[in-house]
file coords-v6.csv (CSV, N, CA and C atoms)
chain,number,residue,atom,x,y,z
C,140,MET,N,6.3,-65.7,92.8
C,140,MET,CA,7.2,-66.7,93.1
C,140,MET,C,8.4,-66.2,93.7
C,141,GLN,N,8.8,-66.7,94.8
C,141,GLN,CA,9.9,-66.2,95.6
C,141,GLN,C,11.2,-67.0,95.3
C,142,ARG,N,12.3,-66.3,95.1
C,142,ARG,CA,13.6,-67.0,94.8
C,142,ARG,C,14.3,-67.4,96.1
C,143,ASN,N,15.0,-68.5,95.9
C,143,ASN,CA,15.9,-69.0,97.0
C,143,ASN,C,17.2,-68.3,96.9
C,144,PRO,N,17.7,-67.6,97.9
C,144,PRO,CA,19.0,-66.9,97.8
C,144,PRO,C,20.2,-67.8,97.4
C,145,ALA,N,20.1,-69.1,97.6
C,145,ALA,CA,21.2,-70.0,97.3
C,145,ALA,C,21.2,-70.3,95.7
C,146,GLU,N,20.2,-70.0,95.0
C,146,GLU,CA,20.1,-70.2,93.6
C,146,GLU,C,20.7,-69.1,92.7
C,147,ARG,N,21.0,-68.0,93.3
C,147,ARG,CA,21.5,-66.8,92.6
C,147,ARG,C,22.8,-67.2,91.9
C,148,GLY,N,23.0,-66.7,90.6
C,148,GLY,CA,24.2,-66.9,89.9
C,148,GLY,C,24.4,-68.2,89.2
C,149,GLU,N,23.5,-69.1,89.2
C,149,GLU,CA,23.7,-70.4,88.5
C,149,GLU,C,23.8,-70.1,87.0
C,150,GLY,N,23.0,-69.3,86.5
C,150,GLY,CA,23.1,-69.0,85.1
C,150,GLY,C,24.4,-68.4,84.6
C,151,ARG,N,25.0,-67.6,85.5
C,151,ARG,CA,26.3,-67.0,85.2
C,151,ARG,C,27.4,-68.0,85.1
C,152,PHE,N,27.4,-69.0,85.9
C,152,PHE,CA,28.4,-70.0,85.9
C,152,PHE,C,28.3,-70.8,84.5
C,153,GLY,N,27.1,-71.1,84.1
C,153,GLY,CA,27.0,-71.8,82.8
C,153,GLY,C,27.4,-71.0,81.7
C,154,THR,N,27.1,-69.7,81.7
C,154,THR,CA,27.5,-68.8,80.6
C,154,THR,C,29.0,-68.6,80.6
C,155,LEU,N,29.6,-68.5,81.8
C,155,LEU,CA,31.1,-68.4,81.9
C,155,LEU,C,31.8,-69.6,81.4
C,156,THR,N,31.2,-70.8,81.7
C,156,THR,CA,31.8,-72.0,81.2
C,156,THR,C,31.7,-72.1,79.7
C,157,GLY,N,30.6,-71.7,79.1
C,157,GLY,CA,30.4,-71.7,77.7
C,157,GLY,C,31.3,-70.8,77.0
C,158,ILE,N,31.5,-69.6,77.6
C,158,ILE,CA,32.5,-68.6,77.0
C,158,ILE,C,33.9,-69.2,77.0
C,159,ILE,N,34.3,-69.8,78.1
C,159,ILE,CA,35.6,-70.4,78.2
C,159,ILE,C,35.8,-71.5,77.2
C,160,VAL,N,34.9,-72.4,77.1
C,160,VAL,CA,35.0,-73.5,76.1
C,160,VAL,C,35.0,-72.9,74.7
C,161,LEU,N,34.2,-71.9,74.4
C,161,LEU,CA,34.3,-71.2,73.0
C,161,LEU,C,35.6,-70.6,72.8
C,162,ALA,N,36.1,-69.9,73.7
C,162,ALA,CA,37.4,-69.2,73.6
C,162,ALA,C,38.6,-70.3,73.4
C,163,LEU,N,38.5,-71.4,74.1
C,163,LEU,CA,39.5,-72.4,74.0
C,163,LEU,C,39.4,-73.1,72.6
C,164,THR,N,38.2,-73.3,72.1
C,164,THR,CA,38.0,-73.9,70.8
C,164,THR,C,38.6,-73.0,69.7
C,165,ILE,N,38.3,-71.7,69.8
C,165,ILE,CA,38.8,-70.7,68.8
C,165,ILE,C,40.3,-70.7,68.9
C,166,TYR,N,40.9,-70.6,70.1
C,166,TYR,CA,42.4,-70.6,70.3
C,166,TYR,C,43.0,-71.8,69.6
C,167,LEU,N,42.5,-73.0,69.9
C,167,LEU,CA,43.1,-74.2,69.4
C,167,LEU,C,42.9,-74.3,67.9
C,168,GLY,N,41.7,-73.8,67.4
C,168,GLY,CA,41.5,-73.7,65.9
C,168,GLY,C,42.5,-72.9,65.2
C,169,VAL,N,42.9,-71.7,65.8
C,169,VAL,CA,43.8,-70.8,65.2
C,169,VAL,C,45.2,-71.5,65.2
C,170,LYS,N,45.5,-72.3,66.2
C,170,LYS,CA,46.8,-73.0,66.2
C,170,LYS,C,46.8,-74.2,65.3
C,171,ILE,N,45.7,-75.0,65.1
C,171,ILE,CA,45.7,-76.2,64.4
C,171,ILE,C,45.4,-76.1,63.0
C,172,VAL,N,44.4,-75.3,62.6
C,172,VAL,CA,44.0,-75.2,61.2
C,172,VAL,C,45.1,-74.8,60.2
C,173,PRO,N,46.0,-73.9,60.5
C,173,PRO,CA,47.1,-73.6,59.6
C,173,PRO,C,48.0,-74.8,59.4
C,174,VAL,N,48.2,-75.6,60.5
C,174,VAL,CA,49.1,-76.8,60.4
C,174,VAL,C,48.4,-77.8,59.4
C,175,LEU,N,47.1,-78.0,59.6
C,175,LEU,CA,46.4,-78.9,58.7
C,175,LEU,C,46.4,-78.4,57.2
C,176,ILE,N,46.2,-77.1,57.0
C,176,ILE,CA,46.2,-76.6,55.6
C,176,ILE,C,47.6,-76.8,55.0
C,177,ASN,N,48.7,-76.5,55.7
C,177,ASN,CA,50.0,-76.6,55.2
C,177,ASN,C,50.3,-78.1,55.0
C,178,GLY,N,49.9,-79.0,55.8
C,178,GLY,CA,50.1,-80.4,55.6
C,178,GLY,C,49.4,-80.9,54.4
C,179,TYR,N,48.1,-80.5,54.2
C,179,TYR,CA,47.4,-81.0,53.0
C,179,TYR,C,48.0,-80.4,51.7
C,180,THR,N,48.4,-79.1,51.8
C,180,THR,CA,49.1,-78.5,50.6
C,180,THR,C,50.4,-79.2,50.3
C,181,PHE,N,51.2,-79.6,51.3
C,181,PHE,CA,52.4,-80.3,51.1
C,181,PHE,C,52.2,-81.6,50.5
C,182,ARG,N,51.2,-82.3,51.0
C,182,ARG,CA,50.8,-83.7,50.5
C,182,ARG,C,50.5,-83.6,49.0
C,183,ALA,N,49.6,-82.6,48.6
C,183,ALA,CA,49.3,-82.4,47.2
C,183,ALA,C,50.5,-82.1,46.3
C,184,TYR,N,51.4,-81.3,46.9
C,184,TYR,CA,52.6,-81.0,46.1
C,184,TYR,C,53.5,-82.3,45.9
C,185,LEU,N,53.6,-83.1,46.9
C,185,LEU,CA,54.3,-84.4,46.8
C,185,LEU,C,53.7,-85.3,45.7
C,186,GLU,N,52.4,-85.4,45.7
C,186,GLU,CA,51.7,-86.2,44.7
C,186,GLU,C,52.0,-85.6,43.3
C,187,GLU,N,52.0,-84.3,43.1
C,187,GLU,CA,52.3,-83.7,41.8
C,187,GLU,C,53.7,-84.0,41.4
C,188,GLU,N,54.7,-83.8,42.4
C,188,GLU,CA,56.1,-84.1,42.1
C,188,GLU,C,56.3,-85.6,41.7
C,189,ALA,N,55.6,-86.5,42.3
C,189,ALA,CA,55.8,-87.9,42.0
C,189,ALA,C,55.2,-88.2,40.6
C,190,ARG,N,54.1,-87.6,40.3
C,190,ARG,CA,53.5,-87.8,38.9
C,190,ARG,C,54.4,-87.3,37.8
C,191,PHE,N,55.1,-86.2,38.0
C,191,PHE,CA,56.0,-85.7,37.0
C,191,PHE,C,57.4,-86.1,37.2
C,192,ALA,N,57.7,-87.1,38.0
C,192,ALA,CA,59.1,-87.6,38.2
C,192,ALA,C,59.7,-88.2,37.0
C,193,ALA,N,58.9,-88.8,36.1
C,193,ALA,CA,59.4,-89.4,34.9
C,193,ALA,C,60.1,-88.4,34.0
C,194,LEU,N,59.6,-87.1,34.1
C,194,LEU,CA,60.2,-86.1,33.2
C,194,LEU,C,61.5,-85.5,33.8
C,195,ARG,N,61.6,-85.7,35.1
C,195,ARG,CA,62.8,-85.2,35.8
C,195,ARG,C,63.7,-86.3,36.1
C,196,ASN,N,64.8,-86.4,35.4
C,196,ASN,CA,65.7,-87.5,35.6
C,196,ASN,C,66.6,-87.5,36.8
C,197,ARG,N,66.7,-86.3,37.4
C,197,ARG,CA,67.6,-86.1,38.5
C,197,ARG,C,66.8,-86.1,39.8
C,198,ASP,N,67.1,-87.1,40.7
C,198,ASP,CA,66.4,-87.2,42.0
C,198,ASP,C,66.8,-86.0,42.9
C,199,GLU,N,68.0,-85.5,42.8
C,199,GLU,CA,68.4,-84.4,43.7
C,199,GLU,C,67.6,-83.1,43.3
C,200,GLU,N,67.2,-83.0,42.1
C,200,GLU,CA,66.4,-81.8,41.7
C,200,GLU,C,65.0,-81.9,42.3
C,201,VAL,N,64.5,-83.2,42.4
C,201,VAL,CA,63.2,-83.4,43.0
C,201,VAL,C,63.3,-83.1,44.5
C,202,ARG,N,64.4,-83.6,45.1
C,202,ARG,CA,64.6,-83.3,46.6
C,202,ARG,C,64.7,-81.8,46.8
C,203,THR,N,65.4,-81.1,46.0
C,203,THR,CA,65.5,-79.7,46.2
C,203,THR,C,64.2,-79.0,46.0
C,204,ARG,N,63.4,-79.4,45.1
C,204,ARG,CA,62.1,-78.8,44.9
C,204,ARG,C,61.1,-79.0,46.1
C,205,VAL,N,61.2,-80.3,46.6
C,205,VAL,CA,60.4,-80.6,47.7
C,205,VAL,C,60.8,-79.8,49.0
C,206,LEU,N,62.1,-79.7,49.2
C,206,LEU,CA,62.6,-79.0,50.3
C,206,LEU,C,62.3,-77.5,50.2
C,207,ARG,N,62.3,-76.9,49.0
C,207,ARG,CA,61.9,-75.5,48.8
C,207,ARG,C,60.4,-75.3,49.2
C,208,LYS,N,59.6,-76.3,48.7
C,208,LYS,CA,58.2,-76.1,49.0
C,208,LYS,C,57.9,-76.2,50.6
C,209,ALA,N,58.6,-77.1,51.2
C,209,ALA,CA,58.5,-77.3,52.7
C,209,ALA,C,58.9,-76.0,53.4
C,210,LEU,N,60.0,-75.3,52.9
C,210,LEU,CA,60.4,-74.1,53.5
C,210,LEU,C,59.3,-73.0,53.2
C,211,ASP,N,58.7,-73.0,52.0
C,211,ASP,CA,57.7,-72.0,51.7
C,211,ASP,C,56.5,-72.1,52.7
C,212,LEU,N,56.2,-73.4,53.1
C,212,LEU,CA,55.1,-73.6,53.9
C,212,LEU,C,55.4,-73.6,55.4
C,213,ASP,N,56.7,-73.3,55.7
C,213,ASP,CA,57.2,-73.2,57.1
C,213,ASP,C,57.1,-74.6,57.8
C,214,LEU,N,57.4,-75.6,57.1
C,214,LEU,CA,57.4,-77.0,57.7
C,214,LEU,C,58.8,-77.3,58.1
C,215,PRO,N,59.0,-77.9,59.3
C,215,PRO,CA,60.3,-78.2,59.8
C,215,PRO,C,60.9,-79.5,59.1
C,216,ILE,N,61.3,-79.4,57.9
C,216,ILE,CA,61.8,-80.5,57.1
C,216,ILE,C,63.2,-80.2,56.6
C,217,GLY,N,64.1,-81.2,56.8
C,217,GLY,CA,65.4,-81.0,56.3
C,217,GLY,C,65.7,-82.0,55.1
C,218,ALA,N,66.8,-81.9,54.5
C,218,ALA,CA,67.1,-82.7,53.3
C,218,ALA,C,67.1,-84.2,53.8
C,219,LYS,N,67.6,-84.5,55.0
C,219,LYS,CA,67.7,-85.9,55.5
C,219,LYS,C,66.3,-86.5,55.7
C,220,ASP,N,65.2,-85.7,55.8
C,220,ASP,CA,63.9,-86.2,56.1
C,220,ASP,C,63.2,-86.6,54.8
C,221,ILE,N,63.8,-86.4,53.7
C,221,ILE,CA,63.2,-86.7,52.4
C,221,ILE,C,63.8,-87.9,51.8
C,222,LEU,N,63.1,-88.9,51.6
C,222,LEU,CA,63.6,-90.2,51.0
C,222,LEU,C,62.9,-90.3,49.6
C,223,ILE,N,63.8,-90.5,48.6
C,223,ILE,CA,63.3,-90.6,47.2
C,223,ILE,C,63.8,-92.0,46.7
C,224,ILE,N,62.9,-92.7,46.2
C,224,ILE,CA,63.2,-94.1,45.6
C,224,ILE,C,62.7,-94.2,44.2
C,225,ARG,N,63.6,-94.4,43.3
C,225,ARG,CA,63.2,-94.6,41.9
C,225,ARG,C,63.5,-96.0,41.5
C,226,SER,N,62.5,-96.7,41.0
C,226,SER,CA,62.8,-98.1,40.4
C,226,SER,C,62.4,-98.0,39.0
C,227,THR,N,62.4,-99.2,38.3
C,227,THR,CA,62.1,-99.2,36.9
C,227,THR,C,60.6,-99.1,36.7
C,228,THR,N,59.8,-99.3,37.7
C,228,THR,CA,58.3,-99.2,37.5
C,228,THR,C,57.6,-98.1,38.2
C,229,HIS,N,58.2,-97.6,39.3
C,229,HIS,CA,57.5,-96.5,40.1
C,229,HIS,C,58.5,-95.6,40.7
C,230,PHE,N,58.0,-94.5,41.2
C,230,PHE,CA,58.8,-93.4,41.9
C,230,PHE,C,58.1,-93.1,43.2
C,231,ASP,N,58.9,-93.2,44.3
C,231,ASP,CA,58.3,-93.0,45.6
C,231,ASP,C,59.0,-91.7,46.3
C,232,ILE,N,58.2,-91.0,47.0
C,232,ILE,CA,58.7,-89.9,47.8
C,232,ILE,C,58.1,-90.1,49.2
C,233,LYS,N,59.0,-90.2,50.2
C,233,LYS,CA,58.6,-90.3,51.6
C,233,LYS,C,59.2,-89.2,52.4
C,234,VAL,N,58.3,-88.6,53.2
C,234,VAL,CA,58.8,-87.5,54.1
C,234,VAL,C,58.2,-87.7,55.4
C,235,LYS,N,59.0,-87.7,56.4
C,235,LYS,CA,58.5,-87.9,57.8
C,235,LYS,C,59.0,-86.7,58.6
C,236,TYR,N,58.0,-86.0,59.3
C,236,TYR,CA,58.4,-84.8,60.0
C,236,TYR,C,57.3,-84.6,61.1
C,237,ALA,N,57.6,-83.7,62.0
C,237,ALA,CA,56.7,-83.3,63.1
C,237,ALA,C,56.6,-81.8,63.2
C,238,VAL,N,55.4,-81.3,63.3
C,238,VAL,CA,55.1,-79.9,63.5
C,238,VAL,C,54.8,-79.6,64.9
C,239,PRO,N,55.6,-78.7,65.6
C,239,PRO,CA,55.2,-78.4,67.0
C,239,PRO,C,54.1,-77.4,67.1
C,240,ILE,N,53.1,-77.7,67.9
C,240,ILE,CA,52.0,-76.9,68.2
C,240,ILE,C,52.1,-76.4,69.6
C,241,GLU,N,52.5,-75.1,69.8
C,241,GLU,CA,52.8,-74.6,71.1
C,241,GLU,C,51.6,-73.9,71.7
C,242,THR,N,51.3,-74.3,73.0
C,242,THR,CA,50.3,-73.6,73.8
C,242,THR,C,51.0,-73.2,75.1
C,243,PRO,N,50.4,-72.3,75.9
C,243,PRO,CA,51.0,-71.9,77.1
C,243,PRO,C,51.3,-73.1,78.1
C,244,VAL,N,50.5,-74.1,77.9
C,244,VAL,CA,50.6,-75.2,78.9
C,244,VAL,C,51.5,-76.4,78.3
C,245,TYR,N,51.4,-76.7,77.0
C,245,TYR,CA,52.0,-77.9,76.5
C,245,TYR,C,52.4,-77.6,75.0
C,246,THR,N,53.5,-78.3,74.6
C,246,THR,CA,53.9,-78.3,73.2
C,246,THR,C,53.7,-79.7,72.6
C,247,TYR,N,52.8,-79.8,71.6
C,247,TYR,CA,52.5,-81.1,71.0
C,247,TYR,C,53.2,-81.1,69.7
C,248,ASN,N,53.9,-82.2,69.5
C,248,ASN,CA,54.6,-82.4,68.2
C,248,ASN,C,53.7,-83.3,67.3
C,249,TRP,N,53.0,-82.7,66.3
C,249,TRP,CA,52.1,-83.4,65.5
C,249,TRP,C,52.9,-84.1,64.4
C,250,PRO,N,52.9,-85.5,64.4
C,250,PRO,CA,53.7,-86.2,63.4
C,250,PRO,C,53.0,-86.3,62.1
C,251,PHE,N,53.7,-86.2,61.0
C,251,PHE,CA,53.3,-86.4,59.7
C,251,PHE,C,54.2,-87.4,59.0
C,252,ASP,N,53.6,-88.4,58.3
C,252,ASP,CA,54.4,-89.4,57.6
C,252,ASP,C,53.8,-89.5,56.2
C,253,GLU,N,54.3,-88.8,55.3
C,253,GLU,CA,53.8,-88.7,54.0
C,253,GLU,C,54.5,-89.7,53.1
C,254,ALA,N,53.8,-90.5,52.3
C,254,ALA,CA,54.4,-91.4,51.3
C,254,ALA,C,53.5,-91.4,50.1
C,255,VAL,N,54.1,-91.0,49.0
C,255,VAL,CA,53.4,-91.0,47.7
C,255,VAL,C,54.1,-91.9,46.7
C,256,ARG,N,53.4,-92.6,45.8
C,256,ARG,CA,53.9,-93.5,44.8
C,256,ARG,C,53.3,-93.2,43.5
C,257,SER,N,54.1,-93.1,42.5
C,257,SER,CA,53.5,-92.9,41.1
C,257,SER,C,54.2,-93.8,40.2
C,258,PRO,N,53.5,-94.4,39.2
C,258,PRO,CA,54.1,-95.3,38.2
C,258,PRO,C,55.0,-94.5,37.2
C,259,LEU,N,56.0,-95.1,36.8
C,259,LEU,CA,56.8,-94.5,35.7
C,259,LEU,C,56.5,-95.1,34.4
C,260,PHE,N,56.4,-94.3,33.4
C,260,PHE,CA,56.0,-94.8,32.1
C,260,PHE,C,57.2,-95.1,31.2

call {"tool": "encode", "arguments": {"input": "coords-v6.csv", "output": "structure tokens"}}
result
Amino acid sequence: MQRNPAERGEGRFGTLTGIIVLALTIYLGVKIVPVLINGYTFRAYLEEEARFAALRNRDEEVRTRVLRKALDLDLPIGAKDILIIRSTTHFDIKVKYAVPIETPVYTYNWPFDEAVRSPLF
């Protein structure tokens, strides 16, 4: 079987495209997965703080603990981003923030809007 000279290299282009897509996927995974893990960890911490809010009578202490956890996870959260609401029946913690994901081409600000509610006994 004789080859056509115009068909040479077609397999190389497909392989190169596959390698580029794989490298891009790995690069974005390295950038995005830590943000997801820190976001889920912070959400779980907020739920825990809201559950034990009945034991802590000072809302500023809860705000300080939440802010400390955010700093431990390298989340861009300030004291003004944390809203704590205590009523006679429930305790709410709301935190709104955005995590920048920087790439050489574009910086995406991934918004998070966490709100947890726990009943007070």

call {"tool": "atom_distance", "arguments": {"input": "coords-v6.csv", "atom1": "CA of Thr228 in chain C", "atom2": "atom N of Phe260 in chain C"}}
result
6.7 Å

call {"tool": "atom_distance", "arguments": {"input": "coords-v6.csv", "atom1": "CA of Thr242 in chain C", "atom2": "atom C of Asp211 in chain C"}}
result
22.0 Å

call {"tool": "atom_distance", "arguments": {"input": "coords-v6.csv", "atom1": "CA of Ile216 in chain C", "atom2": "CA of Glu199 in chain C"}}
result
15.4 Å

call {"tool": "select_by_dssp", "arguments": {"input": "coords-v6.csv", "residues": "chain C", "states": "alpha helix (DSSP H)", "output": "ChimeraX atom specification"}}
result
/C:149-190,198-211

call {"tool": "residues_around", "arguments": {"input": "coords-v6.csv", "residues": "range 221-223 of chain C", "least_positions_apart": "5", "cutoff": "7 Å", "atoms": "only N, CA and C atoms", "output": "number ranges by chain"}}
result
C: 198, 202, 216, 230-235

call {"tool": "residues_around", "arguments": {"input": "coords-v6.csv", "residues": "Lys208 in chain C", "least_positions_apart": "5", "cutoff": "9 Å", "atoms": "only C-alpha atoms", "output": "PDB file with N, CA and C atoms, keeping the file's coordinate frame"}}
result
ATOM      1  N   PHE C 181      51.200 -79.600  51.300  1.00  0.00           N
ATOM      2  CA  PHE C 181      52.400 -80.300  51.100  1.00  0.00           C
ATOM      3  C   PHE C 181      52.200 -81.600  50.500  1.00  0.00           C
ATOM      4  N   TYR C 184      51.400 -81.300  46.900  1.00  0.00           N
ATOM      5  CA  TYR C 184      52.600 -81.000  46.100  1.00  0.00           C
ATOM      6  C   TYR C 184      53.500 -82.300  45.900  1.00  0.00           C
ATOM      7  N   THR C 203      65.400 -81.100  46.000  1.00  0.00           N
ATOM      8  CA  THR C 203      65.500 -79.700  46.200  1.00  0.00           C
ATOM      9  C   THR C 203      64.200 -79.000  46.000  1.00  0.00           C
ATOM     10  N   ASP C 213      56.700 -73.300  55.700  1.00  0.00           N
ATOM     11  CA  ASP C 213      57.200 -73.200  57.100  1.00  0.00           C
ATOM     12  C   ASP C 213      57.100 -74.600  57.800  1.00  0.00           C
ATOM     13  N   LEU C 214      57.400 -75.600  57.100  1.00  0.00           N
ATOM     14  CA  LEU C 214      57.400 -77.000  57.700  1.00  0.00           C
ATOM     15  C   LEU C 214      58.800 -77.300  58.100  1.00  0.00           C
TER      16      LEU C 214
END

call {"tool": "closest_residue", "arguments": {"input": "coords-v6.csv", "among": "C:Thr246, C:Arg225, C:Glu186, C:Pro239", "to": "Pro173 in chain C", "atoms": "only C-alpha atoms"}}
result
C:Pro239

call {"tool": "residues_around", "arguments": {"input": "coords-v6.csv", "residues": "Tyr247 in chain C", "least_positions_apart": "3", "cutoff": "12 Å", "atoms": "only C-alpha atoms", "output": "VMD selection string"}}
result
chain C and resid 167 170 to 171 174 237 to 244 250

call {"tool": "select_by_dssp", "arguments": {"input": "coords-v6.csv", "residues": "chain C", "states": "strand (DSSP E)", "output": "MDAnalysis selection string"}}
result
chainID C and resid 221:225 229:241 246:258

call {"tool": "residues_around", "arguments": {"input": "coords-v6.csv", "residues": "Leu212 in chain C", "least_positions_apart": "5", "cutoff": "9 Å", "atoms": "only C-alpha atoms", "output": "list in words"}}
result
Asn177, Gly178, Thr180, Phe181 and Arg207 of chain C
